[in-house]
Structures are given as structure tokens and as C-alpha cells.
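Asks: Shown below is the structure under consideration.
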Amino acid sequence: MMAKRIKVLVAKPGLDGHDRGARVVARALRDAGMEVIYTGIRQTPEQIVATAIQEDVDAVGLSCLSGAHNNLFPKVVQLLKDKGAADILVFGGGIIPDADIPGLKAAGVREIFRPGSSTEETIKFIHEYVQV
């Protein structure tokens, strides 16, 4: 019997069209043995949550470079709660000021990975929080 793999949705909410970092993370997670779905750019929080539920993912990784993270990340967390999927781990990355991180964590974003974070840190974090 094949063991279940961790399934992660990597998503780019909002109008930000820069997805290099998201693609790097998606590839690193895949190379670490996770099943990865990448939504592509310019997804709404509603689209991201619908995909996360439809694909029955264990975690959602959000990437944002536009500065809209304080609106978009908490909205994804709230929509997951509203849909009965609060157990899905949400983490984020991008150009996010230090001052914004406590508010994002208070809203339910479990961790923020900023420029300079290694993909190994992200992989380790997911393994710590997702039990399959």
C-alpha cells in the first residue's frame, strides 16, 4: 500500500503577476515528495479556497509581492473556516514587512516565509504541522 503524500496548494492571490518565488517553492515541495498544485497568478481568495477544498489539500501556501497580503491572506483563512476547512494549514510568503507578521499570524496564517528563507525551512515547517 502506498503511503499518503502531503498535498499542498501553492497560490498567488490578488493582482500580483510575479510568480517566480511561488514556482520555486512549488518545485521544492514537489522534489521533497509532496503532491503540489499551483494555481497560477491572479487568483481570488474564493477561487483559492474552492480549489483547496476540491483538491482536499493539507496545506495552502500563499505568495504575495503586491502589498495586499494583509487583506488577501486573512480572507483565505476566514473563507476556509467558513467552509468548514479550518484544519487546512495556511502559510505565506513574499515581500511582507516585519510589522505585518503578528497580525497575519493572529488572523490564522501559521507562518510567513520572507525573501532569504530557504525552501528547506518551508519543507521542515510543513512536515512539522501536517500529519498524513
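Labeling convention for the C-alpha cells: chains A, B, ... as they appear, residues from 1 per chain, ligands from 1 in order of appearance.
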If you run DSSP over the backbone, which residues in stretch 1-131 of chain A end up alpha helix (DSSP H)? Put them as a VMD selection string.
Replies: chain A and resid 20 to 31 45 to 54 69 to 82 101 to 106 119 to 129
Asks: Please report the interatomic distance between atom CA of A:Ile123 and atom CA of A:Val10 in Å with one decimal.
Replies: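 Result for atom CA of A:Ile123 versus atom CA of A:Val10: 12.9 Å, one decimal.
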Asks: Can you list every residue in stretch 69-126 of chain A that DSSP puts in strand (DSSP E or B), as a PyMOL selection string?
Replies: chain A and resi 89-94+111-113
Asks: Using only C-alpha atoms, which of the listed residues (A:Ile112, A:Leu65, A:Ile48, A:Val132) sits closest to A:Lys7?
Replies: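 Checking each of A:Ile112, A:Leu65, A:Ile48, A:Val132 against A:Lys7, counting only C-alpha atoms, the winner is A:Val132.
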Asks: Would you mind telling me which residue in A:Pro97, A:Thr119, A:His127, A:Lys83 lies nearest to A:Asp31 when using only C-alpha atoms?
Replies: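 When distances to A:Asp31 are compared using only C-alpha atoms, the smallest one comes from A:Thr119.
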Asks: Contacts of A:Arg42 at 12 Å or less, counting only C-alpha atoms, minus same-chain residues fewer than 3 places along, as a PDB file with N, CA, C and O atoms, in the first residue's frame?
Replies:
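Heads up, here's the output in around_36.pdb:
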ATOM      1  N   ALA A  11      -0.571  29.111  -4.141  1.00  0.00           N
ATOM      2  CA  ALA A  11      -1.475  30.040  -4.811  1.00  0.00           C
ATOM      3  C   ALA A  11      -0.953  31.465  -4.783  1.00  0.00           C
ATOM      4  O   ALA A  11      -0.257  31.868  -3.850  1.00  0.00           O
ATOM      5  N   LYS A  12      -1.334  32.206  -5.788  1.00  0.00           N
ATOM      6  CA  LYS A  12      -0.985  33.621  -5.900  1.00  0.00           C
ATOM      7  C   LYS A  12      -2.271  34.438  -5.860  1.00  0.00           C
ATOM      8  O   LYS A  12      -2.928  34.624  -6.879  1.00  0.00           O
ATOM      9  N   PRO A  13      -2.661  34.931  -4.685  1.00  0.00           N
ATOM     10  CA  PRO A  13      -3.878  35.736  -4.617  1.00  0.00           C
ATOM     11  C   PRO A  13      -3.642  37.160  -5.114  1.00  0.00           C
ATOM     12  O   PRO A  13      -2.541  37.691  -5.030  1.00  0.00           O
ATOM     13  N   GLY A  14      -4.694  37.755  -5.634  1.00  0.00           N
ATOM     14  CA  GLY A  14      -4.634  39.163  -5.996  1.00  0.00           C
ATOM     15  C   GLY A  14      -4.096  39.425  -7.381  1.00  0.00           C
ATOM     16  O   GLY A  14      -3.997  38.523  -8.213  1.00  0.00           O
ATOM     17  N   LEU A  15      -3.719  40.658  -7.614  1.00  0.00           N
ATOM     18  CA  LEU A  15      -3.336  41.101  -8.945  1.00  0.00           C
ATOM     19  C   LEU A  15      -1.845  41.007  -9.218  1.00  0.00           C
ATOM     20  O   LEU A  15      -1.393  41.347 -10.303  1.00  0.00           O
ATOM     21  N   ASP A  16      -1.098  40.543  -8.247  1.00  0.00           N
ATOM     22  CA  ASP A  16       0.343  40.391  -8.387  1.00  0.00           C
ATOM     23  C   ASP A  16       0.657  39.375  -9.489  1.00  0.00           C
ATOM     24  O   ASP A  16       0.161  38.256  -9.476  1.00  0.00           O
ATOM     25  N   GLY A  17       1.468  39.768 -10.443  1.00  0.00           N
ATOM     26  CA  GLY A  17       1.793  38.877 -11.545  1.00  0.00           C
ATOM     27  C   GLY A  17       3.169  38.251 -11.460  1.00  0.00           C
ATOM     28  O   GLY A  17       3.607  37.602 -12.401  1.00  0.00           O
ATOM     29  N   HIS A  18       3.843  38.438 -10.322  1.00  0.00           N
ATOM     30  CA  HIS A  18       5.189  37.880 -10.165  1.00  0.00           C
ATOM     31  C   HIS A  18       5.089  36.531  -9.454  1.00  0.00           C
ATOM     32  O   HIS A  18       4.707  36.478  -8.303  1.00  0.00           O
ATOM     33  N   ASP A  19       5.453  35.475 -10.136  1.00  0.00           N
ATOM     34  CA  ASP A  19       5.269  34.162  -9.519  1.00  0.00           C
ATOM     35  C   ASP A  19       6.528  33.306  -9.468  1.00  0.00           C
ATOM     36  O   ASP A  19       6.458  32.114  -9.217  1.00  0.00           O
ATOM     37  N   TYR A  38      -0.340  24.075  -8.294  1.00  0.00           N
ATOM     38  CA  TYR A  38      -0.070  25.505  -8.401  1.00  0.00           C
ATOM     39  C   TYR A  38      -1.203  26.145  -9.195  1.00  0.00           C
ATOM     40  O   TYR A  38      -1.488  25.726 -10.318  1.00  0.00           O
ATOM     41  N   THR A  39      -1.814  27.173  -8.607  1.00  0.00           N
ATOM     42  CA  THR A  39      -2.992  27.782  -9.230  1.00  0.00           C
ATOM     43  C   THR A  39      -2.658  28.731 -10.361  1.00  0.00           C
ATOM     44  O   THR A  39      -3.532  29.050 -11.163  1.00  0.00           O
ATOM     45  N   PRO A  45      -9.343  35.002  -3.445  1.00  0.00           N
ATOM     46  CA  PRO A  45      -9.412  34.121  -2.280  1.00  0.00           C
ATOM     47  C   PRO A  45     -10.489  33.043  -2.445  1.00  0.00           C
ATOM     48  O   PRO A  45     -10.276  31.898  -2.038  1.00  0.00           O
ATOM     49  N   GLU A  46     -11.610  33.392  -3.035  1.00  0.00           N
ATOM     50  CA  GLU A  46     -12.683  32.422  -3.240  1.00  0.00           C
ATOM     51  C   GLU A  46     -12.227  31.285  -4.166  1.00  0.00           C
ATOM     52  O   GLU A  46     -12.545  30.116  -3.919  1.00  0.00           O
ATOM     53  N   GLN A  47     -11.517  31.615  -5.226  1.00  0.00           N
ATOM     54  CA  GLN A  47     -11.000  30.582  -6.139  1.00  0.00           C
ATOM     55  C   GLN A  47     -10.002  29.678  -5.412  1.00  0.00           C
ATOM     56  O   GLN A  47     -10.010  28.460  -5.601  1.00  0.00           O
ATOM     57  N   ILE A  48      -9.134  30.279  -4.617  1.00  0.00           N
ATOM     58  CA  ILE A  48      -8.117  29.503  -3.894  1.00  0.00           C
ATOM     59  C   ILE A  48      -8.777  28.537  -2.923  1.00  0.00           C
ATOM     60  O   ILE A  48      -8.431  27.349  -2.870  1.00  0.00           O
ATOM     61  N   LEU A  62       0.485  30.693   0.295  1.00  0.00           N
ATOM     62  CA  LEU A  62       0.114  31.901  -0.430  1.00  0.00           C
ATOM     63  C   LEU A  62       1.347  32.747  -0.675  1.00  0.00           C
ATOM     64  O   LEU A  62       2.164  32.931   0.229  1.00  0.00           O
ATOM     65  N   SER A  63       1.454  33.291  -1.863  1.00  0.00           N
ATOM     66  CA  SER A  63       2.575  34.147  -2.200  1.00  0.00           C
ATOM     67  C   SER A  63       2.048  35.496  -2.652  1.00  0.00           C
ATOM     68  O   SER A  63       1.141  35.567  -3.486  1.00  0.00           O
ATOM     69  N   CYS A  64       2.617  36.555  -2.098  1.00  0.00           N
ATOM     70  CA  CYS A  64       2.148  37.895  -2.455  1.00  0.00           C
ATOM     71  C   CYS A  64       3.310  38.882  -2.404  1.00  0.00           C
ATOM     72  O   CYS A  64       4.018  38.961  -1.404  1.00  0.00           O
ATOM     73  N   LEU A  65       3.464  39.609  -3.480  1.00  0.00           N
ATOM     74  CA  LEU A  65       4.501  40.631  -3.547  1.00  0.00           C
ATOM     75  C   LEU A  65       3.907  42.018  -3.725  1.00  0.00           C
ATOM     76  O   LEU A  65       4.625  42.998  -3.788  1.00  0.00           O
ATOM     77  N   SER A  66       2.610  42.118  -3.825  1.00  0.00           N
ATOM     78  CA  SER A  66       1.962  43.382  -4.171  1.00  0.00           C
ATOM     79  C   SER A  66       1.663  44.277  -2.988  1.00  0.00           C
ATOM     80  O   SER A  66       1.274  45.421  -3.168  1.00  0.00           O
ATOM     81  N   LEU A  72      -5.583  39.866   1.688  1.00  0.00           N
ATOM     82  CA  LEU A  72      -5.811  38.601   0.983  1.00  0.00           C
ATOM     83  C   LEU A  72      -5.560  37.375   1.852  1.00  0.00           C
ATOM     84  O   LEU A  72      -6.343  36.419   1.816  1.00  0.00           O
TER      85      LEU A  72
END
Asks: Of the residues A:Val25, A:Ala3, A:Val60, A:Met34, which is the one nearest to A:Phe73, using only C-alpha atoms?
Replies: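 That would be A:Val60, the residue with the smallest distance to A:Phe73.
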Asks: For A:Gly94, which residue among A:Ala22, A:Ile6, A:Ala52, A:Val109 is the nearest when counting only C-alpha atoms?
Replies: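 Looking at the shortest contact to A:Gly94, the residue is A:Ala22.
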Asks: Excluding same-chain residues fewer than 5 positions from A:Ala85, what lies within 10 Å of it counting only C-alpha atoms, as an mmCIF file with C-alpha atoms, in the first residue's frame?
Replies:
data_model
loop_
_atom_site.group_PDB
_atom_site.id
_atom_site.type_symbol
_atom_site.label_atom_id
_atom_site.label_comp_id
_atom_site.auth_asym_id
_atom_site.auth_seq_id
_atom_site.Cartn_x
_atom_site.Cartn_y
_atom_site.Cartn_z
ATOM 1 C CA VAL A 49 -10.421 28.173 -1.191
ATOM 2 C CA ALA A 52 -8.164 23.787 -1.777
ATOM 3 C CA ILE A 53 -11.417 22.092 -0.778
ATOM 4 C CA ASP A 56 -8.580 18.075 -0.441
ATOM 5 C CA VAL A 57 -5.201 19.637 0.301
ATOM 6 C CA ASP A 58 -3.376 19.518 3.611
ATOM 7 C CA VAL A 77 -8.108 31.812 6.224
ATOM 8 C CA GLN A 78 -11.607 33.110 7.001
ATOM 9 C CA LEU A 79 -13.131 31.534 3.883
ATOM 10 C CA LEU A 80 -11.554 28.191 4.797
#
Asks: So which one's closest to A:Glu120, A:Ile88, A:Leu9, A:Leu29, A:His69? Using only C-alpha atoms, please.
Replies: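 Using only C-alpha atoms, the shortest distance to A:Glu120 belongs to A:Leu29.
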Asks: Could you tell me how far atom CA of A:Ala28 lies from atom CA of A:Asp87, in Å and to one decimal?
Replies: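 Atom CA of A:Asp87 lies at a distance of 23.2 Å from atom CA of A:Ala28.
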Asks: Could you give me, as number ranges by chain, the residues within 10 Å of A:Pro74, counting only C-alpha atoms and dropping anything in the same chain fewer than 6 positions from it?
Replies: A: 45, 80, 90, 103-109
Asks: Keeping C-alpha atoms for every residue in the selection just given, could you write it to a file as a PDB file, in the first residue's frame?
Replies:
ATOM      1  CA  PRO A  45      -9.412  34.121  -2.280  1.00  0.00           C
ATOM      2  CA  LEU A  80     -11.554  28.191   4.797  1.00  0.00           C
ATOM      3  CA  VAL A  90      -2.120  28.192   5.699  1.00  0.00           C
ATOM      4  CA  GLY A 103      -1.355  40.488  12.513  1.00  0.00           C
ATOM      5  CA  LEU A 104      -1.210  37.810   9.836  1.00  0.00           C
ATOM      6  CA  LYS A 105      -0.434  35.150  12.432  1.00  0.00           C
ATOM      7  CA  ALA A 106      -3.256  36.406  14.652  1.00  0.00           C
ATOM      8  CA  ALA A 107      -5.556  36.024  11.646  1.00  0.00           C
ATOM      9  CA  GLY A 108      -4.570  32.367  11.311  1.00  0.00           C
ATOM     10  CA  VAL A 109      -1.671  32.370   8.882  1.00  0.00           C
TER      11      VAL A 109
END
